[in-house]
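Here's input12.pdb, which has PDB, C-alpha atoms, pLDDT in the B column:
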```pdb
ATOM      1  CA  MET A   1     162.840 -79.378  70.063  1.00 34.00           C
ATOM      2  CA  PHE A   2     159.270 -80.612  69.753  1.00 38.00           C
ATOM      3  CA  HIS A   3     158.183 -82.902  66.913  1.00 39.00           C
ATOM      4  CA  SER A   4     154.611 -82.960  65.641  1.00 40.00           C
ATOM      5  CA  LEU A   5     152.689 -86.136  66.424  1.00 43.00           C
ATOM      6  CA  THR A   6     150.901 -88.046  63.679  1.00 53.00           C
ATOM      7  CA  PRO A   7     148.025 -90.471  64.182  1.00 66.00           C
ATOM      8  CA  ALA A   8     148.634 -94.188  63.646  1.00 72.00           C
ATOM      9  CA  PRO A   9     148.130 -95.321  60.028  1.00 83.00           C
ATOM     10  CA  ARG A  10     144.798 -97.025  59.408  1.00 85.00           C
ATOM     11  CA  VAL A  11     143.661 -99.986  57.323  1.00 90.00           C
ATOM     12  CA  THR A  12     139.945 -99.932  56.486  1.00 90.00           C
ATOM     13  CA  PHE A  13     138.180-103.163  55.580  1.00 90.00           C
ATOM     14  CA  ALA A  14     134.909-102.975  53.632  1.00 89.00           C
ATOM     15  CA  TRP A  15     132.707-105.100  51.385  1.00 87.00           C
ATOM     16  CA  ASN A  16     132.875-104.197  47.687  1.00 87.00           C
ATOM     17  CA  ALA A  17     130.094-104.481  45.093  1.00 85.00           C
ATOM     18  CA  GLN A  18     131.155-108.048  44.293  1.00 84.00           C
ATOM     19  CA  GLY A  19     130.768-109.137  47.904  1.00 84.00           C
ATOM     20  CA  ASN A  20     134.520-109.434  48.510  1.00 87.00           C
ATOM     21  CA  LEU A  21     136.248-107.958  51.516  1.00 89.00           C
ATOM     22  CA  THR A  22     138.795-105.296  50.534  1.00 91.00           C
ATOM     23  CA  ALA A  23     141.460-103.488  52.523  1.00 92.00           C
ATOM     24  CA  GLU A  24     142.440 -99.861  51.962  1.00 93.00           C
ATOM     25  CA  ALA A  25     145.514 -98.429  53.699  1.00 92.00           C
ATOM     26  CA  ASP A  26     146.044 -94.711  54.195  1.00 89.00           C
ATOM     27  CA  SER A  27     149.814 -95.198  54.436  1.00 88.00           C
ATOM     28  CA  ASN A  28     152.314 -97.498  52.656  1.00 90.00           C
ATOM     29  CA  PRO A  29     149.703 -99.666  50.876  1.00 91.00           C
ATOM     30  CA  GLY A  30     152.434-101.864  49.408  1.00 89.00           C
ATOM     31  CA  LEU A  31     153.552-102.979  52.857  1.00 91.00           C
ATOM     32  CA  VAL A  32     149.959-103.615  53.900  1.00 92.00           C
ATOM     33  CA  ALA A  33     149.370-105.723  50.784  1.00 91.00           C
ATOM     34  CA  GLU A  34     152.423-107.837  51.639  1.00 91.00           C
ATOM     35  CA  ILE A  35     151.244-108.303  55.223  1.00 91.00           C
ATOM     36  CA  LEU A  36     147.710-109.228  54.183  1.00 93.00           C
ATOM     37  CA  ALA A  37     148.995-111.711  51.608  1.00 91.00           C
ATOM     38  CA  HIS A  38     150.194-113.831  54.519  1.00 89.00           C
ATOM     39  CA  ALA A  39     146.643-113.831  55.861  1.00 88.00           C
ATOM     40  CA  GLY A  40     145.115-114.960  52.564  1.00 89.00           C
ATOM     41  CA  PHE A  41     144.349-111.679  50.799  1.00 92.00           C
ATOM     42  CA  THR A  42     145.153-111.372  47.098  1.00 88.00           C
ATOM     43  CA  HIS A  43     146.467-108.325  45.290  1.00 78.00           C
ATOM     44  CA  GLY A  44     146.713-108.055  41.512  1.00 65.00           C
ATOM     45  CA  ALA A  45     150.311-107.125  40.706  1.00 57.00           C
ATOM     46  CA  ASP A  46     149.233-106.037  37.220  1.00 52.00           C
ATOM     47  CA  THR A  47     146.695-103.588  38.665  1.00 52.00           C
ATOM     48  CA  PRO A  48     148.539-101.367  41.163  1.00 52.00           C
ATOM     49  CA  SER A  49     145.370 -99.418  41.998  1.00 60.00           C
ATOM     50  CA  ALA A  50     143.479-102.566  42.997  1.00 78.00           C
ATOM     51  CA  LEU A  51     142.901-103.050  46.699  1.00 88.00           C
ATOM     52  CA  PRO A  52     143.956-106.240  48.485  1.00 90.00           C
ATOM     53  CA  SER A  53     140.873-108.435  48.731  1.00 90.00           C
ATOM     54  CA  LEU A  54     139.786-111.617  50.392  1.00 87.00           C
ATOM     55  CA  PRO A  55     138.292-114.089  47.911  1.00 78.00           C
ATOM     56  CA  GLY A  56     134.520-114.353  48.220  1.00 75.00           C
ATOM     57  CA  GLY A  57     132.698-117.451  49.356  1.00 79.00           C
ATOM     58  CA  LEU A  58     134.296-117.746  52.796  1.00 82.00           C
ATOM     59  CA  GLU A  59     132.031-118.421  55.748  1.00 84.00           C
ATOM     60  CA  LEU A  60     131.685-115.520  58.184  1.00 80.00           C
ATOM     61  CA  GLU A  61     133.566-117.394  60.923  1.00 80.00           C
ATOM     62  CA  ALA A  62     136.444-118.145  58.527  1.00 84.00           C
ATOM     63  CA  THR A  63     136.560-114.473  57.510  1.00 85.00           C
ATOM     64  CA  ARG A  64     136.773-113.474  61.171  1.00 82.00           C
ATOM     65  CA  ASP A  65     139.656-115.909  61.658  1.00 82.00           C
ATOM     66  CA  VAL A  66     141.533-114.362  58.728  1.00 86.00           C
ATOM     67  CA  LEU A  67     140.993-110.860  60.092  1.00 85.00           C
ATOM     68  CA  ALA A  68     142.070-111.867  63.595  1.00 81.00           C
ATOM     69  CA  TYR A  69     145.357-113.090  62.093  1.00 84.00           C
ATOM     70  CA  ALA A  70     145.668-109.943  59.941  1.00 87.00           C
ATOM     71  CA  ASP A  71     144.960-107.786  63.002  1.00 82.00           C
ATOM     72  CA  HIS A  72     147.854-109.411  64.872  1.00 80.00           C
ATOM     73  CA  MET A  73     150.301-108.670  62.048  1.00 86.00           C
ATOM     74  CA  LEU A  74     149.040-105.157  61.306  1.00 87.00           C
ATOM     75  CA  ARG A  75     149.204-104.118  64.952  1.00 81.00           C
ATOM     76  CA  ALA A  76     152.793-105.351  65.062  1.00 81.00           C
ATOM     77  CA  ALA A  77     153.440-102.946  62.167  1.00 85.00           C
ATOM     78  CA  ARG A  78     151.742-100.145  64.194  1.00 81.00           C
ATOM     79  CA  TYR A  79     148.565 -99.987  62.086  1.00 84.00           C
ATOM     80  CA  VAL A  80     145.039 -99.732  63.448  1.00 79.00           C
ATOM     81  CA  MET A  81     142.092-101.443  61.789  1.00 82.00           C
ATOM     82  CA  ALA A  82     138.535-100.379  60.965  1.00 82.00           C
ATOM     83  CA  MET A  83     136.042-102.967  59.762  1.00 81.00           C
ATOM     84  CA  PRO A  84     132.336-103.815  59.511  1.00 79.00           C
ATOM     85  CA  PRO A  85     130.894-104.571  62.980  1.00 74.00           C
ATOM     86  CA  GLU A  86     129.899-108.134  62.076  1.00 73.00           C
ATOM     87  CA  LEU A  87     133.567-108.985  61.525  1.00 76.00           C
ATOM     88  CA  LYS A  88     134.944-107.608  64.779  1.00 69.00           C
ATOM     89  CA  THR A  89     136.390-110.099  67.214  1.00 60.00           C
ATOM     90  CA  ILE A  90     137.777-110.002  70.734  1.00 52.00           C
ATOM     91  CA  HIS A  91     140.854-112.187  71.095  1.00 48.00           C
ATOM     92  CA  GLY A  92     139.688-114.181  68.082  1.00 49.00           C
ATOM     93  CA  HIS A  93     136.111-114.653  69.329  1.00 50.00           C
ATOM     94  CA  ALA A  94     133.143-112.956  67.664  1.00 50.00           C
ATOM     95  CA  GLU A  95     131.502-110.266  69.743  1.00 51.00           C
ATOM     96  CA  ARG A  96     128.407-111.677  71.405  1.00 46.00           C
ATOM     97  CA  PHE A  97     127.534-108.946  73.873  1.00 42.00           C
ATOM     98  CA  THR A  98     123.874-108.027  74.308  1.00 41.00           C
ATOM     99  CA  TYR A  99     124.796-104.416  75.142  1.00 43.00           C
ATOM    100  CA  ARG A 100     126.849-102.345  72.740  1.00 45.00           C
ATOM    101  CA  LEU A 101     127.876 -98.725  72.827  1.00 47.00           C
ATOM    102  CA  SER A 102     126.210 -96.617  70.172  1.00 50.00           C
ATOM    103  CA  PRO A 103     128.541 -94.694  67.820  1.00 48.00           C
ATOM    104  CA  THR A 104     127.934 -91.518  69.833  1.00 49.00           C
ATOM    105  CA  GLU A 105     128.874 -93.329  73.053  1.00 54.00           C
ATOM    106  CA  SER A 106     132.031 -94.930  71.669  1.00 63.00           C
ATOM    107  CA  LEU A 107     134.827 -94.712  74.220  1.00 71.00           C
ATOM    108  CA  GLU A 108     137.406 -95.124  71.468  1.00 72.00           C
ATOM    109  CA  ALA A 109     135.920 -92.221  69.487  1.00 73.00           C
ATOM    110  CA  ALA A 110     135.881 -89.997  72.561  1.00 78.00           C
ATOM    111  CA  ILE A 111     139.546 -90.685  73.345  1.00 80.00           C
ATOM    112  CA  GLU A 112     140.537 -90.235  69.694  1.00 80.00           C
ATOM    113  CA  GLN A 113     138.778 -86.863  69.787  1.00 81.00           C
ATOM    114  CA  LEU A 114     140.890 -85.920  72.796  1.00 83.00           C
ATOM    115  CA  SER A 115     144.013 -87.044  70.920  1.00 85.00           C
ATOM    116  CA  ASP A 116     143.051 -84.902  67.930  1.00 85.00           C
ATOM    117  CA  SER A 117     142.525 -81.909  70.204  1.00 86.00           C
ATOM    118  CA  LEU A 118     146.207 -82.097  71.187  1.00 85.00           C
ATOM    119  CA  TYR A 119     147.056 -80.714  67.735  1.00 85.00           C
ATOM    120  CA  HIS A 120     145.235 -77.495  68.643  1.00 85.00           C
ATOM    121  CA  CYS A 121     146.923 -76.898  71.992  1.00 82.00           C
ATOM    122  CA  GLU A 122     148.532 -73.492  72.283  1.00 81.00           C
ATOM    123  CA  ASP A 123     150.675 -74.251  75.319  1.00 79.00           C
ATOM    124  CA  ALA A 124     151.718 -76.948  77.797  1.00 81.00           C
ATOM    125  CA  ALA A 125     148.867 -76.040  80.136  1.00 80.00           C
ATOM    126  CA  ASP A 126     146.355 -76.990  77.423  1.00 82.00           C
ATOM    127  CA  ILE A 127     148.099 -80.351  77.029  1.00 84.00           C
ATOM    128  CA  ALA A 128     147.989 -80.844  80.807  1.00 82.00           C
ATOM    129  CA  ARG A 129     144.253 -80.175  80.909  1.00 82.00           C
ATOM    130  CA  ILE A 130     143.566 -82.743  78.172  1.00 83.00           C
ATOM    131  CA  ALA A 131     145.923 -85.295  79.713  1.00 83.00           C
ATOM    132  CA  ASP A 132     144.124 -84.873  83.040  1.00 82.00           C
ATOM    133  CA  THR A 133     140.960 -86.107  81.352  1.00 81.00           C
ATOM    134  CA  ILE A 134     142.702 -89.428  80.733  1.00 82.00           C
ATOM    135  CA  PHE A 135     145.168 -89.850  83.574  1.00 81.00           C
ATOM    136  CA  ASN A 136     143.921 -87.880  86.577  1.00 76.00           C
ATOM    137  CA  GLU A 137     143.798 -90.299  89.490  1.00 69.00           C
ATOM    138  CA  GLY A 138     140.734 -88.615  90.950  1.00 70.00           C
ATOM    139  CA  GLU A 139     138.394 -88.482  87.973  1.00 72.00           C
ATOM    140  CA  GLY A 140     140.167 -89.407  84.719  1.00 76.00           C
ATOM    141  CA  VAL A 141     139.326 -92.091  82.166  1.00 82.00           C
ATOM    142  CA  LEU A 142     141.868 -94.482  83.686  1.00 83.00           C
ATOM    143  CA  LEU A 143     140.026 -94.271  87.002  1.00 83.00           C
ATOM    144  CA  ALA A 144     136.907 -95.560  85.233  1.00 83.00           C
ATOM    145  CA  VAL A 145     138.975 -98.331  83.647  1.00 86.00           C
ATOM    146  CA  ASP A 146     140.433 -99.157  87.055  1.00 87.00           C
ATOM    147  CA  ASN A 147     136.919 -99.401  88.514  1.00 86.00           C
ATOM    148  CA  PHE A 148     135.886-101.638  85.630  1.00 87.00           C
ATOM    149  CA  ALA A 149     138.841-103.985  86.210  1.00 89.00           C
ATOM    150  CA  ARG A 150     138.157-104.223  89.947  1.00 90.00           C
ATOM    151  CA  THR A 151     134.430-104.825  89.396  1.00 89.00           C
ATOM    152  CA  ALA A 152     135.199-107.531  86.842  1.00 89.00           C
ATOM    153  CA  ALA A 153     137.567-109.197  89.318  1.00 89.00           C
ATOM    154  CA  HIS A 154     134.941-109.049  92.068  1.00 89.00           C
ATOM    155  CA  ASN A 155     132.246-110.617  89.884  1.00 87.00           C
ATOM    156  CA  LEU A 156     134.577-113.287  88.516  1.00 88.00           C
ATOM    157  CA  ALA A 157     135.597-114.281  92.031  1.00 85.00           C
ATOM    158  CA  ALA A 158     131.918-114.961  92.757  1.00 83.00           C
ATOM    159  CA  PHE A 159     132.025-117.950  90.379  1.00 84.00           C
ATOM    160  CA  ASP A 160     134.292-119.622  92.950  1.00 82.00           C
ATOM    161  CA  THR A 161     136.317-121.699  90.491  1.00 88.00           C
ATOM    162  CA  GLU A 162     140.083-121.886  90.062  1.00 89.00           C
ATOM    163  CA  GLU A 163     139.908-120.649  86.473  1.00 89.00           C
ATOM    164  CA  ALA A 164     137.647-117.688  87.354  1.00 87.00           C
ATOM    165  CA  GLY A 165     139.920-116.829  90.273  1.00 89.00           C
ATOM    166  CA  ALA A 166     142.957-116.790  87.996  1.00 91.00           C
ATOM    167  CA  ILE A 167     141.238-114.406  85.555  1.00 91.00           C
ATOM    168  CA  ALA A 168     140.094-112.225  88.471  1.00 90.00           C
ATOM    169  CA  ASP A 169     143.741-111.981  89.571  1.00 92.00           C
ATOM    170  CA  GLN A 170     144.662-110.823  86.056  1.00 92.00           C
ATOM    171  CA  PHE A 171     142.061-108.043  86.246  1.00 91.00           C
ATOM    172  CA  LEU A 172     143.440-107.010  89.634  1.00 92.00           C
ATOM    173  CA  SER A 173     146.915-106.952  88.097  1.00 92.00           C
ATOM    174  CA  ILE A 174     145.585-104.534  85.463  1.00 90.00           C
ATOM    175  CA  ALA A 175     144.113-102.359  88.219  1.00 89.00           C
ATOM    176  CA  ARG A 176     147.437-102.262  90.086  1.00 89.00           C
ATOM    177  CA  ARG A 177     149.276-101.252  86.918  1.00 89.00           C
ATOM    178  CA  LEU A 178     146.732 -98.499  86.313  1.00 86.00           C
ATOM    179  CA  ASP A 179     147.401 -97.235  89.838  1.00 84.00           C
ATOM    180  CA  THR A 180     151.081 -97.006  88.939  1.00 85.00           C
ATOM    181  CA  ILE A 181     150.312 -95.160  85.692  1.00 85.00           C
ATOM    182  CA  THR A 182     148.126 -92.557  87.379  1.00 79.00           C
ATOM    183  CA  SER A 183     150.725 -92.090  90.128  1.00 79.00           C
ATOM    184  CA  VAL A 184     153.472 -91.533  87.554  1.00 81.00           C
ATOM    185  CA  TYR A 185     151.236 -89.107  85.689  1.00 78.00           C
ATOM    186  CA  GLY A 186     151.032 -86.984  88.834  1.00 75.00           C
ATOM    187  CA  PHE A 187     154.679 -86.079  88.282  1.00 75.00           C
ATOM    188  CA  ILE A 188     154.200 -85.633  84.528  1.00 81.00           C
ATOM    189  CA  GLY A 189     151.290 -83.251  85.100  1.00 72.00           C
ATOM    190  CA  GLU A 190     153.384 -81.156  87.467  1.00 76.00           C
ATOM    191  CA  ASN A 191     156.219 -81.095  84.922  1.00 79.00           C
ATOM    192  CA  LEU A 192     153.816 -79.942  82.195  1.00 77.00           C
ATOM    193  CA  LEU A 193     152.642 -77.042  84.323  1.00 72.00           C
ATOM    194  CA  ASP A 194     156.235 -76.167  85.233  1.00 76.00           C
ATOM    195  CA  LEU A 195     157.054 -76.205  81.506  1.00 78.00           C
ATOM    196  CA  HIS A 196     154.131 -73.872  80.854  1.00 68.00           C
ATOM    197  CA  ASP A 197     155.306 -71.455  83.554  1.00 70.00           C
ATOM    198  CA  ASN A 198     158.897 -71.517  82.321  1.00 73.00           C
ATOM    199  CA  VAL A 199     157.946 -70.979  78.681  1.00 67.00           C
ATOM    200  CA  SER A 200     155.534 -68.189  79.610  1.00 63.00           C
ATOM    201  CA  ALA A 201     158.220 -66.473  81.676  1.00 61.00           C
ATOM    202  CA  ALA A 202     160.691 -66.715  78.809  1.00 61.00           C
ATOM    203  CA  GLN A 203     158.312 -65.216  76.241  1.00 56.00           C
ATOM    204  CA  PRO A 204     157.940 -61.423  75.948  1.00 50.00           C
ATOM    205  CA  SER A 205     154.736 -60.145  77.448  1.00 43.00           C
ATOM    206  CA  ALA A 206     151.956 -59.209  75.038  1.00 42.00           C
ATOM    207  CA  VAL A 207     150.919 -56.432  77.417  1.00 38.00           C
ATOM    208  CA  PRO A 208     152.672 -53.148  76.596  1.00 46.00           C
ATOM    209  CA  ALA A 209     154.839 -51.667  79.304  1.00 46.00           C
ATOM    210  CA  PRO A 210     153.327 -48.680  81.095  1.00 46.00           C
ATOM    211  CA  ALA A 211     154.326 -45.320  79.695  1.00 50.00           C
ATOM    212  CA  ALA A 212     157.052 -43.527  81.582  1.00 50.00           C
ATOM    213  CA  ALA A 213     155.768 -40.858  83.931  1.00 49.00           C
ATOM    214  CA  THR A 214     156.379 -37.314  82.803  1.00 51.00           C
ATOM    215  CA  SER A 215     157.222 -34.573  85.230  1.00 45.00           C
TER
END
```
Take the structure I supplied and represent it as structure tokens, if you would.
Amino acid sequence: MFHSLTPAPRVTFAWNAQGNLTAEADSNPGLVAEILAHAGFTHGADTPSALPSLPGGLELEATRDVLAYADHMLRAARYVMAMPPELKTIHGHAERFTYRLSPTESLEAAIEQLSDSLYHCEDAADIARIADTIFNEGEGVLLAVDNFARTAAHNLAAFDTEEAGAIADQFLSIARRLDTITSVYGFIGENLLDLHDNVSAAQPSAVPAPAAATS
């Protein structure tokens, strides 16, 4: 029996009119309020509709630190976070890249769109075609990620220091794991197509049977 998939619950952080950072959860807001309380957010118990908020007056770097801690706890509870771009961090460090993807180029948005399209699949073959976009070892998204990891390792190795070499090895480890994932998917893709064939064979044909010949 197949069970419908639901997207991960989301917590959206935004600035309110008073300049405070608030958090709005689309699922189980009480749990989110409890989690965020550990990170320093407040939530008025006498006003159930009030959103958890971070007291104003914090420096931007301190706010990022709070959100990095909140992110760790929320991800452990299987939530995803959305927040203003100036508050985003990577492993606790503020983003300082000179090149950024525009919203229309967002890799995350593109993959989420593919995930949403799974809800509209009519059969296993449709699922296989979408999954190929991610996992196909010849041209899928993971191949691009694999290339990125190997290129990062190559460029890090050029620094010729022990620390850079160690990080390069970690990127190569990612690449090797991606190789394993795409190899495993080869079997999954075949199984999906077999499932499609088996289900199609078991379903009555929509094409009417030819009329019996009359003598």
Answer key for the PyMOL selection byres ((chain A and resi 186) around 12), residues as a PyMOL selection string:
chain A and resi 128+131-132+134-138+140+179-185+187-193
When the PyMOL selection byres ((chain A and resi 31-36) around 12) is applied to the file above, which residues end up in the set, as a VMD selection string?
chain A and resid 9 to 13 21 to 30 37 to 45 48 to 54 66 to 81
If the box runs along x, y and z of the file and leaves 8 Å on each side of range 177-180 of chain A, what are its centre and edge lengths in Å, one decimal, as AutoDock Vina command-line options?
```
--center_x 148.9 --center_y -99.1 --center_z 88.1 --size_x 20.3 --size_y 20.2 --size_z 19.5
```
What is the distance, in Å and to one decimal place, between CA of Ser173 in chain A and CA of Ala109 in chain A?
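Spanning CA of Ser173 in chain A to CA of Ala109 in chain A is a straight-line distance of 26.2 Å.
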Which of these, A:Gln170, A:Thr133, A:Thr161, A:Asn155, has the shortest distance to Gln113 in chain A once you count all atoms listed in the file?
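Comparing A:Gln170, A:Thr133, A:Thr161, A:Asn155 against Gln113 in chain A, the winner is A:Thr133.
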Between CA of Asp197 in chain A and CA of Tyr119 in chain A, measure the distance and give it in Å to one decimal.
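About the pair CA of Asp197 in chain A and CA of Tyr119 in chain A: they are 20.1 Å apart.
CA of Ala153 in chain A is found 22.7 Å from CA of Glu108 in chain A.
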What residues come out when you apply the PyMOL selection byres ((chain A and resi 174) around 12) to this file, written as a ChimeraX atom specification?
/A:142-143,145-153,167-173,175-181
Selection: 9 Å around Leu60 in chain A, all atoms listed in the file, excl. self and same-chain fewer than 5 positions, as a list in words
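Here the answer would be Asp65, Glu86 and Leu87 of chain A.
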